[in-house]
Amino acid sequence: MDYTLPETSLIQIKTLEKVNNRGTFVIEPLSPGYGVTIGNSLRRVLLSSLEGAAIVSCQIEGANHQFTTLPGVREDVVEIILNLKTLRFNLTSNEPVSLKLSARGPKVVTAQDFEARGDCEVVNQDAYLATLSKNGKLNLTITVAKGRGYVPVEKRKDEKLPIGTIAVDSIFTPVKKVHYEIEKTRVGAETDFDKLMLEITTDGSLDPEVALGKAAKILVEHFSLVEQACQEPTAAAKPARPTKAAAKKTTKKTVKKAAKK
């Protein structure tokens, strides 16, 4: 007999608030104890398993390594790379793409100075990159790719990059923060049901509500695999039927025994 959780038909998901990149959601009523079970599972998936886009490498004219200083540029290459790592992207291509930037001083360089392209958009256009003096210039190309979680340069050490290309630690996850709380709620005469409150903050490349739906889908897909692997057999295993050769041998033995008698 299948076990059915009580009152699952009453479960509702409500959006309490959506401001910029932050959303607050309520899931209730949940059976006692399931608030923590679902809340913690969603939180872990939201922070680790959603796909996002980030810089994986960059080429800066005049810099063969990250400890170079550029004439007429206030920041050194290390600081420029740190600023580049703050950029967030909407990437529609499944393949890595390149974005180019060319600036002349005097100028404050921001993310909006990148050349526009249809398959890759910088979300935080006002992100600061560098300050150029009158004679300063900055020419650079970044490579943006899709991925999950945090991937340090050490994990990509086997990649062969062209001379002058600097590998960058990549933060792919589009979710910056997840917080959840559990409160008690009433269902009829029972007062020990759970109310799960989830607060999700993203980097702007993904809507918080969409992020919640994707995390739930990932969990469902994994639980479905476990369910399929553990399904009870539909019918009892039948004994194997003897082959024709085995049947003939059995018949001959029976005839010989009868003849001896």
# chains A, B, ... in the order shown; residues from 1 in each chain; ligands from 1

call {"tool": "residues_around", "arguments": {"residues": "Arg44 in chain A", "least_positions_apart": "5", "cutoff": "12 Å", "atoms": "only C-alpha atoms", "output": "list in words"}}
result
Val36, Thr37, Ile38, Gly39, Ser49, Leu50, Gly149, Thr173, Val175, Lys176, Lys177, Val178, His179, Tyr180, Ile200, Leu212, Ala215, Ala216, Ile218 and Leu219 of chain A

call {"tool": "residues_around", "arguments": {"residues": "Arg186 in chain A", "least_positions_apart": "2", "cutoff": "12 Å", "atoms": "only C-alpha atoms", "output": "list of chain:residue names"}}
result
A:Glu7, A:Leu10, A:Glu28, A:Pro29, A:Leu30, A:Ser31, A:Pro32, A:Glu183, A:Lys184, A:Gly188, A:Ala189, A:Glu190, A:Thr191, A:Asp192, A:Phe193, A:Asp194, A:Lys195

call {"tool": "write_last_selection", "arguments": {"atoms": "N, CA and C atoms", "output": "PDB file, in the first residue's frame"}}
result
ATOM      1  N   GLU A   7      -2.837  15.968   3.568  1.00  0.00           N
ATOM      2  CA  GLU A   7      -3.104  17.345   3.173  1.00  0.00           C
ATOM      3  C   GLU A   7      -2.162  17.885   2.094  1.00  0.00           C
ATOM      4  N   LEU A  10      -3.428  20.577  -0.284  1.00  0.00           N
ATOM      5  CA  LEU A  10      -3.616  21.946   0.201  1.00  0.00           C
ATOM      6  C   LEU A  10      -2.364  22.805   0.046  1.00  0.00           C
ATOM      7  N   GLU A  28       3.332  26.358   1.916  1.00  0.00           N
ATOM      8  CA  GLU A  28       2.583  25.843   3.078  1.00  0.00           C
ATOM      9  C   GLU A  28       1.261  25.225   2.627  1.00  0.00           C
ATOM     10  N   PRO A  29       0.640  24.380   3.460  1.00  0.00           N
ATOM     11  CA  PRO A  29       1.178  23.758   4.673  1.00  0.00           C
ATOM     12  C   PRO A  29       1.955  22.497   4.311  1.00  0.00           C
ATOM     13  N   LEU A  30       3.037  22.269   5.012  1.00  0.00           N
ATOM     14  CA  LEU A  30       3.852  21.076   4.820  1.00  0.00           C
ATOM     15  C   LEU A  30       3.741  20.183   6.048  1.00  0.00           C
ATOM     16  N   SER A  31       3.789  18.896   5.840  1.00  0.00           N
ATOM     17  CA  SER A  31       3.733  17.960   6.960  1.00  0.00           C
ATOM     18  C   SER A  31       4.869  18.240   7.936  1.00  0.00           C
ATOM     19  N   PRO A  32       4.667  17.993   9.221  1.00  0.00           N
ATOM     20  CA  PRO A  32       5.679  18.291  10.237  1.00  0.00           C
ATOM     21  C   PRO A  32       7.050  17.720   9.872  1.00  0.00           C
ATOM     22  N   GLU A 183       8.115  28.174  10.143  1.00  0.00           N
ATOM     23  CA  GLU A 183       7.137  28.568  11.155  1.00  0.00           C
ATOM     24  C   GLU A 183       6.044  27.512  11.215  1.00  0.00           C
ATOM     25  N   LYS A 184       5.327  27.457  12.326  1.00  0.00           N
ATOM     26  CA  LYS A 184       4.215  26.526  12.457  1.00  0.00           C
ATOM     27  C   LYS A 184       2.948  27.154  11.877  1.00  0.00           C
ATOM     28  N   GLY A 188      -6.827  22.805   9.840  1.00  0.00           N
ATOM     29  CA  GLY A 188      -7.956  22.301  10.612  1.00  0.00           C
ATOM     30  C   GLY A 188      -7.687  22.447  12.098  1.00  0.00           C
ATOM     31  N   ALA A 189      -7.786  21.331  12.815  1.00  0.00           N
ATOM     32  CA  ALA A 189      -7.552  21.359  14.261  1.00  0.00           C
ATOM     33  C   ALA A 189      -6.086  21.144  14.615  1.00  0.00           C
ATOM     34  N   GLU A 190      -5.257  20.779  13.618  1.00  0.00           N
ATOM     35  CA  GLU A 190      -3.844  20.505  13.880  1.00  0.00           C
ATOM     36  C   GLU A 190      -3.011  21.772  13.701  1.00  0.00           C
ATOM     37  N   THR A 191      -2.087  21.994  14.630  1.00  0.00           N
ATOM     38  CA  THR A 191      -1.296  23.231  14.614  1.00  0.00           C
ATOM     39  C   THR A 191       0.199  22.993  14.444  1.00  0.00           C
ATOM     40  N   ASP A 192       0.598  21.766  14.095  1.00  0.00           N
ATOM     41  CA  ASP A 192       2.028  21.461  14.014  1.00  0.00           C
ATOM     42  C   ASP A 192       2.544  21.335  12.586  1.00  0.00           C
ATOM     43  N   PHE A 193       1.771  21.816  11.599  1.00  0.00           N
ATOM     44  CA  PHE A 193       2.251  21.790  10.217  1.00  0.00           C
ATOM     45  C   PHE A 193       3.303  22.884  10.008  1.00  0.00           C
ATOM     46  N   ASP A 194       4.140  22.723   8.976  1.00  0.00           N
ATOM     47  CA  ASP A 194       5.233  23.666   8.708  1.00  0.00           C
ATOM     48  C   ASP A 194       4.861  24.679   7.629  1.00  0.00           C
ATOM     49  N   LYS A 195       5.350  25.899   7.819  1.00  0.00           N
ATOM     50  CA  LYS A 195       5.292  26.931   6.778  1.00  0.00           C
ATOM     51  C   LYS A 195       6.733  27.308   6.441  1.00  0.00           C
TER      52      LYS A 195
END

call {"tool": "residues_around", "arguments": {"residues": "range 114-120 of chain A", "least_positions_apart": "4", "cutoff": "10 Å", "atoms": "only C-alpha atoms", "output": "PyMOL selection string"}}
result
chain A and resi 53+89-94+96-103+109-110+125+140-142+144-145

call {"tool": "closest_residue", "arguments": {"among": "A:Ile81, A:Leu87, A:Ala229, A:Leu46", "to": "Thr202 in chain A", "atoms": "only C-alpha atoms"}}
result
A:Leu46

call {"tool": "closest_residue", "arguments": {"among": "A:Ser57, A:Glu17, A:Glu199, A:Asn124", "to": "Lys160 in chain A", "atoms": "only C-alpha atoms"}}
result
A:Ser57

call {"tool": "closest_residue", "arguments": {"among": "A:Ala54, A:Val73, A:Val226, A:Ile60", "to": "Thr131 in chain A", "atoms": "only C-alpha atoms"}}
result
A:Val73

call {"tool": "atom_distance", "arguments": {"atom1": "CA of Gly33 in chain A", "atom2": "CA of Glu181 in chain A"}}
result
12.4 Å

call {"tool": "select_by_dssp", "arguments": {"residues": "range 8-188 of chain A", "states": "helix (DSSP H, G or I)", "output": "PyMOL selection string"}}
result
chain A and resi 8-10+34-48+77-84+111-113+153-156

call {"tool": "write_last_selection", "arguments": {"atoms": "C-alpha atoms", "output": "mmCIF file, in the first residue's frame"}}
result
data_model
loop_
_atom_site.group_PDB
_atom_site.id
_atom_site.type_symbol
_atom_site.label_atom_id
_atom_site.label_comp_id
_atom_site.auth_asym_id
_atom_site.auth_seq_id
_atom_site.Cartn_x
_atom_site.Cartn_y
_atom_site.Cartn_z
ATOM 1 C CA THR A 8 -0.646 17.548 0.230
ATOM 2 C CA SER A 9 -3.497 18.804 -1.948
ATOM 3 C CA LEU A 10 -3.616 21.946 0.201
ATOM 4 C CA TYR A 34 9.155 18.644 5.827
ATOM 5 C CA GLY A 35 9.867 22.381 6.047
ATOM 6 C CA VAL A 36 13.506 21.724 6.965
ATOM 7 C CA THR A 37 13.778 18.798 4.538
ATOM 8 C CA ILE A 38 12.541 20.797 1.547
ATOM 9 C CA GLY A 39 14.069 24.122 2.582
ATOM 10 C CA ASN A 40 17.585 22.774 3.078
ATOM 11 C CA SER A 41 17.460 20.728 -0.138
ATOM 12 C CA LEU A 42 16.313 23.719 -2.203
ATOM 13 C CA ARG A 43 18.937 25.966 -0.629
ATOM 14 C CA ARG A 44 21.808 23.607 -1.456
ATOM 15 C CA VAL A 45 20.665 23.153 -5.060
ATOM 16 C CA LEU A 46 20.068 26.889 -5.557
ATOM 17 C CA LEU A 47 23.608 27.710 -4.429
ATOM 18 C CA SER A 48 25.453 24.921 -6.229
ATOM 19 C CA VAL A 77 46.181 44.083 -14.073
ATOM 20 C CA VAL A 78 45.303 42.205 -10.860
ATOM 21 C CA GLU A 79 42.772 44.910 -9.924
ATOM 22 C CA ILE A 80 41.323 44.993 -13.444
ATOM 23 C CA ILE A 81 40.791 41.217 -13.364
ATOM 24 C CA LEU A 82 39.111 41.459 -9.954
ATOM 25 C CA ASN A 83 36.751 44.071 -11.405
ATOM 26 C CA LEU A 84 36.071 41.890 -14.451
ATOM 27 C CA ALA A 111 31.024 47.450 -18.362
ATOM 28 C CA GLN A 112 28.894 49.426 -20.807
ATOM 29 C CA ASP A 113 32.060 50.093 -22.863
ATOM 30 C CA VAL A 153 41.906 28.211 -12.272
ATOM 31 C CA GLU A 154 43.571 25.135 -10.737
ATOM 32 C CA LYS A 155 40.756 22.908 -12.020
ATOM 33 C CA ARG A 156 41.418 24.095 -15.576
#

call {"tool": "closest_residue", "arguments": {"among": "A:Leu129, A:Cys230, A:Ile55, A:Val122", "to": "Asp169 in chain A", "atoms": "only C-alpha atoms"}}
result
A:Ile55

call {"tool": "closest_residue", "arguments": {"among": "A:Lys214, A:His222, A:Val56, A:Ile166", "to": "Thr143 in chain A", "atoms": "only C-alpha atoms"}}
result
A:Val56

call {"tool": "atom_distance", "arguments": {"atom1": "CA of Asn20 in chain A", "atom2": "CA of Ala130 in chain A"}}
result
26.3 Å

call {"tool": "atom_distance", "arguments": {"atom1": "CA of Lys146 in chain A", "atom2": "CA of Ile163 in chain A"}}
result
23.1 Å

call {"tool": "select_by_dssp", "arguments": {"residues": "range 99-221 of chain A", "states": "strand (DSSP E)", "output": "PyMOL selection string"}}
result
chain A and resi 99-104+107-110+120-122+128-132+137-148+150-151+165-167+170-171+175-187+190-202
